[in-house]
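Dropping model_25.txt in here (compact mmCIF, C-alpha atoms):
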# COMPACT_ATOMS: atom_id res chain seq x y z
CA MET A 1 -5.99 30.85 37.45
CA PRO A 2 -7.23 28.45 40.15
CA ARG A 3 -5.79 25.01 39.68
CA LEU A 4 -9.13 23.25 39.35
CA ILE A 5 -10.31 25.59 36.61
CA LEU A 6 -7.03 25.15 34.81
CA ALA A 7 -7.33 21.37 35.07
CA ALA A 8 -10.88 21.44 33.71
CA ALA A 9 -9.78 23.60 30.81
CA LEU A 10 -6.97 21.21 29.96
CA ILE A 11 -9.26 18.19 30.12
CA ALA A 12 -11.76 19.93 27.84
CA ALA A 13 -8.98 20.49 25.33
CA GLY A 14 -8.80 16.74 24.80
CA PRO A 15 -5.88 14.33 24.74
CA ALA A 16 -2.58 15.25 23.20
CA ALA A 17 -3.03 12.96 20.23
CA ALA A 18 -0.73 13.07 17.27
CA HIS A 19 -1.87 14.22 13.86
CA TYR A 20 -1.44 11.78 11.00
CA GLY A 21 -1.96 11.94 7.31
CA MET A 22 -3.56 8.60 6.55
CA ILE A 23 -3.80 6.42 3.47
CA ILE A 24 -5.34 3.10 4.50
CA PRO A 25 -5.83 0.45 1.81
CA SER A 26 -8.52 -2.20 2.00
CA ASP A 27 -5.70 -4.75 1.81
CA PRO A 28 -1.93 -4.23 1.45
CA MET A 29 -1.47 -7.53 -0.38
CA ILE A 30 -3.97 -8.13 -3.14
CA ALA A 31 -3.91 -11.70 -4.42
CA GLN A 32 -5.23 -12.55 -7.87
CA ASP A 33 -8.34 -14.19 -6.40
CA GLU A 34 -9.13 -11.02 -4.41
CA GLY A 35 -9.93 -8.84 -7.37
CA ARG A 36 -8.08 -6.42 -9.59
CA SER A 37 -8.29 -3.22 -7.56
CA VAL A 38 -7.68 -1.73 -4.12
CA ASP A 39 -9.85 0.68 -2.13
CA LEU A 40 -8.15 3.50 -0.28
CA MET A 41 -9.31 5.69 2.61
CA VAL A 42 -7.54 9.03 2.76
CA SER A 43 -7.74 11.33 5.77
CA PHE A 44 -6.04 13.59 8.28
CA SER A 45 -6.79 12.14 11.69
CA HIS A 46 -5.84 11.11 15.17
CA PRO A 47 -5.72 7.38 14.42
CA PHE A 48 -5.74 5.94 17.92
CA GLU A 49 -8.84 7.88 18.94
CA GLU A 50 -10.36 7.73 15.44
CA ASP A 51 -10.80 11.46 15.67
CA GLY A 52 -10.94 13.09 12.26
CA MET A 53 -9.79 16.49 11.09
CA ILE A 54 -10.54 18.31 7.88
CA LEU A 55 -8.44 17.13 4.95
CA GLU A 56 -8.57 19.67 2.15
CA ARG A 57 -8.05 18.41 -1.39
CA PRO A 58 -4.32 17.53 -1.38
CA GLU A 59 -1.70 19.28 -3.46
CA THR A 60 -0.83 15.91 -5.00
CA PHE A 61 -2.01 12.33 -4.81
CA THR A 62 -0.09 9.79 -6.84
CA VAL A 63 0.68 6.14 -7.36
CA THR A 64 4.17 4.96 -8.26
CA HIS A 65 4.78 1.58 -9.86
CA GLY A 66 7.82 0.33 -11.71
CA GLY A 67 9.46 3.74 -11.42
CA GLU A 68 6.55 5.55 -13.06
CA THR A 69 4.39 7.98 -11.12
CA THR A 70 0.77 8.63 -12.09
CA ASP A 71 -1.39 11.53 -10.90
CA LEU A 72 -4.55 10.31 -9.16
CA LEU A 73 -5.73 13.61 -7.72
CA GLY A 74 -8.73 13.74 -10.01
CA ALA A 75 -9.78 10.24 -9.00
CA LEU A 76 -10.28 11.11 -5.33
CA SER A 77 -13.90 11.06 -4.21
CA GLU A 78 -15.01 13.23 -1.32
CA ALA A 79 -16.02 11.20 1.71
CA THR A 80 -16.53 11.52 5.42
CA VAL A 81 -13.73 9.78 7.30
CA MET A 82 -13.81 9.64 11.08
CA GLY A 83 -16.51 12.30 11.03
CA GLU A 84 -14.62 14.84 8.94
CA PRO A 85 -14.02 15.50 5.25
CA GLY A 86 -11.59 13.10 3.63
CA TYR A 87 -11.43 11.06 0.46
CA THR A 88 -11.78 7.58 -0.92
CA LEU A 89 -10.40 6.05 -4.06
CA THR A 90 -10.66 2.75 -5.90
CA HIS A 91 -7.60 2.09 -7.99
CA ALA A 92 -7.26 -0.65 -10.59
CA LEU A 93 -4.09 -2.71 -10.21
CA ASP A 94 -3.23 -3.35 -13.84
CA ARG A 95 0.16 -4.91 -13.19
CA PRO A 96 1.81 -7.10 -10.54
CA GLY A 97 4.32 -5.55 -8.17
CA THR A 98 4.27 -2.86 -5.51
CA HIS A 99 2.07 0.18 -5.99
CA VAL A 100 3.05 3.09 -3.74
CA PHE A 101 0.32 5.63 -2.99
CA ALA A 102 1.47 9.04 -1.80
CA MET A 103 -0.17 12.29 -0.76
CA THR A 104 1.20 15.78 -0.32
CA PRO A 105 -1.48 17.68 1.59
CA VAL A 106 -1.81 21.43 1.75
CA PRO A 107 -0.25 22.75 4.98
CA TYR A 108 -2.73 22.51 7.85
CA TRP A 109 -2.85 25.41 10.30
CA GLU A 110 -2.90 24.05 13.84
CA PRO A 111 -3.57 26.84 16.35
CA ALA A 112 -2.87 24.54 19.31
CA GLU A 113 0.67 24.06 18.09
CA ASP A 114 1.02 27.58 16.65
CA ALA A 115 2.40 25.99 13.51
CA PHE A 116 1.50 24.62 10.12
CA ILE A 117 1.61 20.85 9.62
CA GLN A 118 2.30 19.15 6.30
CA HIS A 119 2.48 15.37 6.33
CA PHE A 120 3.92 13.70 3.26
CA THR A 121 2.03 10.43 3.53
CA LYS A 122 2.41 7.12 1.74
CA THR A 123 1.58 3.42 1.86
CA TYR A 124 2.64 0.39 -0.16
CA VAL A 125 0.33 -2.17 -1.78
CA SER A 126 1.55 -5.40 -3.34
CA ALA A 127 -0.39 -6.84 -6.26
CA TYR A 128 -0.64 -10.48 -7.21
CA ASP A 129 2.05 -11.97 -4.93
CA ASP A 130 4.75 -9.84 -6.52
CA ASP A 131 6.61 -7.58 -4.10
CA GLU A 132 9.04 -5.99 -6.54
CA GLY A 133 9.40 -2.32 -5.68
CA TRP A 134 8.65 -2.68 -1.97
CA ASP A 135 11.66 -0.52 -1.06
CA ALA A 136 10.89 2.24 -3.55
CA GLU A 137 11.96 5.76 -2.60
CA LEU A 138 9.64 8.33 -4.13
CA GLY A 139 11.78 11.43 -3.72
CA LEU A 140 9.29 13.22 -1.50
CA ARG A 141 10.52 16.29 0.34
CA THR A 142 10.60 14.17 3.47
CA GLU A 143 10.11 10.45 3.44
CA ILE A 144 10.58 7.24 5.39
CA VAL A 145 12.37 4.82 3.10
CA PRO A 146 11.54 1.26 4.18
CA LEU A 147 14.30 -1.15 5.10
CA SER A 148 11.73 -3.77 6.08
CA LYS A 149 9.06 -4.75 3.60
CA PRO A 150 6.15 -2.43 4.51
CA PHE A 151 3.62 -5.25 4.14
CA GLY A 152 3.71 -8.95 4.84
CA LEU A 153 4.91 -8.46 8.41
CA TRP A 154 3.74 -10.60 11.30
CA GLU A 155 2.67 -8.93 14.52
CA GLY A 156 5.76 -8.75 16.70
CA ASN A 157 8.07 -8.30 13.71
CA ILE A 158 10.17 -5.17 13.58
CA PHE A 159 9.79 -2.45 11.02
CA GLN A 160 12.88 -0.48 10.04
CA GLY A 161 13.16 2.61 7.91
CA ILE A 162 15.46 5.52 7.15
CA VAL A 163 14.20 9.06 7.67
CA HIS A 164 15.03 11.30 4.75
CA LEU A 165 14.62 15.06 4.53
CA GLU A 166 15.44 16.75 1.22
CA GLY A 167 16.91 13.40 0.11
CA GLU A 168 19.36 13.07 3.01
CA PRO A 169 19.19 10.88 6.12
CA VAL A 170 18.23 12.69 9.31
CA PRO A 171 20.46 11.66 12.25
CA TYR A 172 18.54 11.05 15.46
CA ALA A 173 15.24 11.99 13.83
CA GLU A 174 12.23 11.81 16.09
CA ILE A 175 9.51 9.39 15.00
CA GLU A 176 6.02 9.18 16.42
CA VAL A 177 4.34 5.76 16.23
CA GLU A 178 0.61 5.28 16.52
CA PHE A 179 -1.84 2.43 16.02
CA TYR A 180 -4.93 2.89 13.87
CA ASN A 181 -7.33 1.81 16.58
CA GLU A 182 -10.15 0.86 14.23
CA GLY A 183 -13.38 0.26 16.12
CA GLN A 184 -11.68 1.38 19.34
CA GLN A 185 -10.52 -2.21 19.84
CA THR A 186 -7.92 -1.31 22.43
CA SER A 187 -7.17 1.30 25.04
CA ALA A 188 -3.95 2.80 26.31
CA PRO A 189 -2.96 2.74 29.98
CA SER A 190 -1.31 6.14 29.60
CA GLU A 191 -1.51 8.99 27.14
CA LEU A 192 2.20 8.45 26.65
CA MET A 193 1.28 5.18 24.95
CA ILE A 194 -1.27 6.54 22.52
CA THR A 195 1.57 8.03 20.57
CA GLN A 196 4.92 6.41 21.24
CA THR A 197 8.04 8.34 20.41
CA ILE A 198 11.31 6.81 19.29
CA LYS A 199 14.48 8.16 17.74
CA ALA A 200 16.53 7.16 14.75
CA ASP A 201 20.22 6.40 15.05
CA ALA A 202 23.08 8.48 13.67
CA ASP A 203 22.27 7.22 10.15
CA GLY A 204 18.60 8.10 10.39
CA VAL A 205 17.58 4.46 10.82
CA PHE A 206 14.82 3.60 13.27
CA THR A 207 13.39 0.29 14.46
CA TYR A 208 10.00 -0.58 15.94
CA ALA A 209 8.37 -3.89 16.87
CA ALA A 210 4.59 -3.81 16.60
CA PRO A 211 2.87 -5.60 19.49
CA SER A 212 -0.32 -6.40 17.62
CA ALA A 213 -1.76 -6.83 14.17
CA GLY A 214 -3.22 -3.88 12.32
CA TRP A 215 -2.17 -0.65 10.69
CA TRP A 216 0.65 1.28 12.33
CA GLY A 217 1.60 4.81 11.36
CA PHE A 218 5.15 6.14 11.58
CA ALA A 219 5.61 9.90 11.41
CA ALA A 220 9.09 11.40 11.34
CA LEU A 221 8.80 15.06 12.21
CA ASN A 222 11.11 17.91 11.25
CA THR A 223 10.77 21.66 11.06
CA ALA A 224 11.03 23.29 7.66
CA PRO A 225 13.63 26.03 7.21
CA GLU A 226 10.95 28.31 5.79
CA THR A 227 7.95 29.81 7.57
CA MET A 228 4.38 30.50 6.45
CA ALA A 229 2.22 33.49 7.27
CA GLN A 230 -0.87 33.15 9.44
CA ASP A 231 -2.82 36.36 10.03
CA GLY A 232 0.23 38.33 8.99
CA VAL A 233 2.58 36.53 11.36
CA GLU A 234 5.23 34.10 10.20
CA LYS A 235 4.77 30.62 11.69
CA ALA A 236 6.81 27.43 11.73
CA VAL A 237 6.00 24.57 9.35
CA GLU A 238 6.22 20.98 10.61
CA LEU A 239 7.20 18.53 7.87
CA GLY A 240 6.06 14.98 8.56
CA ALA A 241 7.25 11.90 6.72
CA VAL A 242 4.45 9.40 7.27
CA ILE A 243 4.30 5.77 6.26
CA TRP A 244 1.48 3.32 7.07
CA VAL A 245 2.51 -0.28 7.60
CA ARG A 246 0.26 -3.29 8.09
CA PHE A 247 1.20 -6.09 10.50
CA GLU A 248 -0.70 -9.37 10.17
CA ALA A 249 -1.98 -11.55 12.99
CA TRP A 250 0.13 -14.61 13.72
CA GLN A 251 -2.03 -17.62 13.01
CA MET B 1 -19.50 -18.20 -14.66
CA ILE B 2 -20.13 -21.35 -12.62
CA ARG B 3 -17.48 -23.24 -14.54
CA SER B 4 -14.96 -20.49 -14.00
CA LEU B 5 -15.75 -20.48 -10.30
CA ILE B 6 -15.15 -24.21 -10.13
CA LEU B 7 -11.84 -23.64 -11.84
CA ILE B 8 -10.88 -20.95 -9.34
CA CYS B 9 -11.79 -23.18 -6.40
CA ALA B 10 -9.86 -26.11 -7.81
CA LEU B 11 -6.76 -24.03 -8.29
CA ALA B 12 -7.11 -22.37 -4.90
CA LEU B 13 -6.80 -25.83 -3.38
CA GLY B 14 -3.49 -26.25 -5.14
CA GLY B 15 -1.58 -25.23 -2.03
CA PRO B 16 0.28 -22.24 -0.64
CA ALA B 17 3.09 -20.36 -2.28
CA LEU B 18 6.54 -21.72 -1.47
CA ALA B 19 9.97 -20.16 -1.28
CA HIS B 20 11.59 -19.44 -4.64
CA ARG B 21 8.17 -19.62 -6.19
CA VAL B 22 7.16 -18.53 -9.66
CA THR B 23 4.67 -15.73 -10.02
CA VAL B 24 2.65 -15.59 -13.22
CA PHE B 25 0.71 -12.74 -14.77
CA ALA B 26 -1.23 -12.72 -18.03
CA SER B 27 -2.87 -9.86 -19.87
CA VAL B 28 -4.60 -9.32 -23.18
CA GLN B 29 -2.92 -7.00 -25.64
CA ALA B 30 -3.85 -5.82 -29.08
CA ALA B 31 -1.83 -7.29 -31.93
CA GLU B 32 -1.57 -6.67 -35.65
CA ALA B 33 -4.01 -9.50 -36.21
CA GLY B 34 -6.53 -9.68 -33.38
CA GLU B 35 -5.45 -10.01 -29.78
CA VAL B 36 -2.75 -11.92 -27.96
CA VAL B 37 -2.42 -13.15 -24.41
CA VAL B 38 0.96 -12.17 -22.99
CA VAL B 39 2.17 -14.43 -20.19
CA GLU B 40 4.93 -13.18 -17.89
CA ALA B 41 6.64 -15.33 -15.27
CA LYS B 42 9.35 -14.59 -12.78
CA PHE B 43 10.81 -16.04 -9.64
CA SER B 44 10.26 -14.39 -6.29
CA THR B 45 13.90 -13.32 -6.49
CA GLY B 46 13.04 -11.13 -9.48
CA ARG B 47 14.91 -13.32 -11.95
CA VAL B 48 12.98 -14.75 -14.89
CA PRO B 49 12.88 -18.44 -15.80
CA THR B 50 14.81 -18.88 -19.00
CA GLN B 51 12.79 -21.86 -20.21
CA GLY B 52 9.60 -23.68 -19.42
CA ASP B 53 6.14 -24.57 -20.63
CA VAL B 54 2.90 -22.64 -20.56
CA LEU B 55 -0.22 -24.81 -20.28
CA VAL B 56 -3.49 -23.17 -21.26
CA GLU B 57 -6.76 -24.70 -20.08
CA ASP B 58 -10.33 -23.59 -20.50
CA ALA B 59 -12.84 -23.16 -17.68
CA SER B 60 -13.65 -26.86 -17.63
CA GLY B 61 -10.00 -27.82 -17.26
CA THR B 62 -9.54 -29.02 -20.82
CA LEU B 63 -6.00 -28.46 -22.04
CA LEU B 64 -6.21 -26.17 -25.05
CA ALA B 65 -2.56 -25.72 -25.92
CA THR B 66 1.00 -25.71 -24.63
CA TYR B 67 3.44 -22.98 -25.53
CA PRO B 68 7.15 -22.55 -24.82
CA LEU B 69 8.23 -20.01 -22.22
CA GLU B 70 11.30 -18.10 -23.28
CA ASP B 71 13.06 -15.65 -21.00
CA GLY B 72 9.99 -15.48 -18.81
CA VAL B 73 7.51 -14.60 -21.56
CA ALA B 74 5.08 -16.43 -23.84
CA ARG B 75 2.47 -15.10 -26.26
CA PHE B 76 -0.46 -16.83 -27.88
CA PRO B 77 -3.47 -15.64 -29.87
CA LEU B 78 -6.67 -15.06 -27.92
CA ASP B 79 -9.67 -17.01 -29.13
CA ARG B 80 -12.55 -15.34 -27.33
CA THR B 81 -14.91 -18.18 -28.11
CA VAL B 82 -12.94 -20.81 -26.20
CA ALA B 83 -11.88 -18.27 -23.58
CA ALA B 84 -15.41 -17.11 -22.77
CA GLY B 85 -15.44 -18.88 -19.39
CA GLY B 86 -11.91 -17.79 -18.57
CA LEU B 87 -8.49 -19.36 -19.06
CA SER B 88 -6.20 -21.07 -16.61
CA ILE B 89 -2.58 -20.40 -17.51
CA THR B 90 0.03 -22.52 -15.75
CA VAL B 91 3.76 -22.01 -16.08
CA LYS B 92 6.05 -24.95 -15.40
CA THR B 93 9.72 -24.10 -15.45
CA ASP B 94 12.43 -26.51 -16.47
CA ASP B 95 13.63 -26.67 -12.87
CA ASP B 96 10.19 -27.84 -11.76
CA HIS B 97 8.70 -24.66 -10.33
CA GLU B 98 5.09 -23.93 -11.05
CA GLY B 99 2.72 -20.98 -10.89
CA TYR B 100 -0.53 -19.94 -12.48
CA TRP B 101 -2.72 -17.02 -13.46
CA LEU B 102 -6.47 -17.13 -14.00
CA LEU B 103 -7.59 -14.94 -16.83
CA THR B 104 -11.18 -14.46 -15.71
CA PRO B 105 -14.16 -13.49 -17.85
CA ALA B 106 -13.95 -10.06 -16.17
CA ASP B 107 -10.29 -9.75 -17.25
CA LEU B 108 -11.49 -10.46 -20.76
CA GLY B 109 -14.07 -7.72 -20.53
CA GLY B 110 -16.98 -10.09 -20.22
CA GLY B 111 -18.09 -9.34 -16.66
CA ALA B 112 -17.43 -11.37 -13.54

Show how you would write the structure in this file as structure tokens.
Amino acid sequence: MPRLILAAALIAAGPAAAHYGMIIPSDPMIAQDEGRSVDLMVSFSHPFEEDGMILERPETFTVTHGGETTDLLGALSEATVMGEPGYTLTHALDRPGTHVFAMTPVPYWEPAEDAFIQHFTKTYVSAYDDDEGWDAELGLRTEIVPLSKPFGLWEGNIFQGIVHLEGEPVPYAEIEVEFYNEGQQTSAPSELMITQTIKADADGVFTYAAPSAGWWGFAALNTAPETMAQDGVEKAVELGAVIWVRFEAWQ
Amino acid sequence: MIRSLILICALALGGPALAHRVTVFASVQAAEAGEVVVVEAKFSTGRVPTQGDVLVEDASGTLLATYPLEDGVARFPLDRTVAAGGLSITVKTDDDHEGYWLLTPADLGGGA
């Protein structure tokens, strides 16, 4: 193929943005004078470009508080998020403490990667100035367990977490980091900086310092031991442990 | 509603949360005779204050009653007539920490 045609074809394919399951709350720290509920936006997207993909109704959508997990799947309302089908939810915060929202989506077939993608996605919301439960581990198949409080961070603070797969730390796990570039407020000087990639240490612990306020997504990616069939051919399944963390502007 | 808003504004001016602060939460629960307000207090460390006082004021700031806080909890009967505009519930611990919860008309099922 002539080089110019090849280049045009690659450009038309779009940037190599990372896929993220997303659960974005209206506010990760709800004070008592800010109401008694939180609004959630749920999607499968490229967060830096605000480029949506289709999110089918998830396998599960739950909230965990005080060690108890409640099914919220039936409370999801269909919505258009970043131009594609997603969901919204308003959830009443009946008690103080940390409420952890988690989604297990159905595996997403991604032809470009010749693989299925399943991102176990979660975010943490504190109610009424009580942060108890901020380090809760939900027991998802793969999960980033926070070592830093996943809310109440200043921009420039570090976020640390442990990557777990099947309940065990993943040494040297690869983690993709991406900013939810709401309103296209910033641009990246290189495609390498749309999605940054870091690695965990030998204990599965990773560290990242966010340069600006906003929502940052961390996705630890591993390949499942099993495969899934697509058109009669067995394909790999990428398991993503995704956590969304809010950093606040220094004021 | 206006009176409860004034109450909220007045309390909001009370200052920021400090280290080792007390967080307070109050909810209405059914009881054998009527309803009770259950007040729960704890330090930011997760420990509960063993003793203290719970001051209950109406929407105009009039002190209605004071109850003892024991092991982080106090209960008192809900009088919906006096609570119609909302209740301000302040916990003062014996070691001089203080926190509050506003039980709004909406919390009481009466709309915002």

Q.
My list of candidates is B:Asp94, B:Glu40, B:Glu32, B:Asp79. Which is closest to chain A when distances are computed with only C-alpha atoms?
A. B:Glu40

(Q) Using all atoms listed in the file, I'd like every residue of chain B that has an atom within 10 Å of chain A; please write them out as a PyMOL selection string. (A) chain B and resi 8-9+12+17+21-27+42-46+100-104+106-107

Q. Could you work out how far CA of Gly86 (chain B) lies from CA of Val38 (chain B), giving the answer in Å with one decimal?
A. 14.7 Å

Q. With distances taken over all atoms listed in the file, which of B:Gly109, B:Pro49, B:Gly72, B:Gly61 is nearest to Ile89 (chain B)?
A. B:Gly61

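Distance annotation: of A:Ser190, A:Ser43, A:Thr64, A:Thr88, the residue with the minimal separation from His119 (chain A) is A:Ser43; atom set is all atoms listed in the file.
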
Padding 8 Å on each side, edges along x, y and z: where is the centre of the box around the listed atoms of region 136-153 of chain A, and how long are its edges in Å to one decimal? Output it as AutoDock Vina command-line options.
--center_x 9.0 --center_y 3.7 --center_z 2.1 --size_x 26.7 --size_y 41.2 --size_z 28.5

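Nearest residue to Tyr172 (chain A) among A:Ala188, A:Thr195, A:Arg141, A:Gly204 is A:Gly204, counting only C-alpha atoms.
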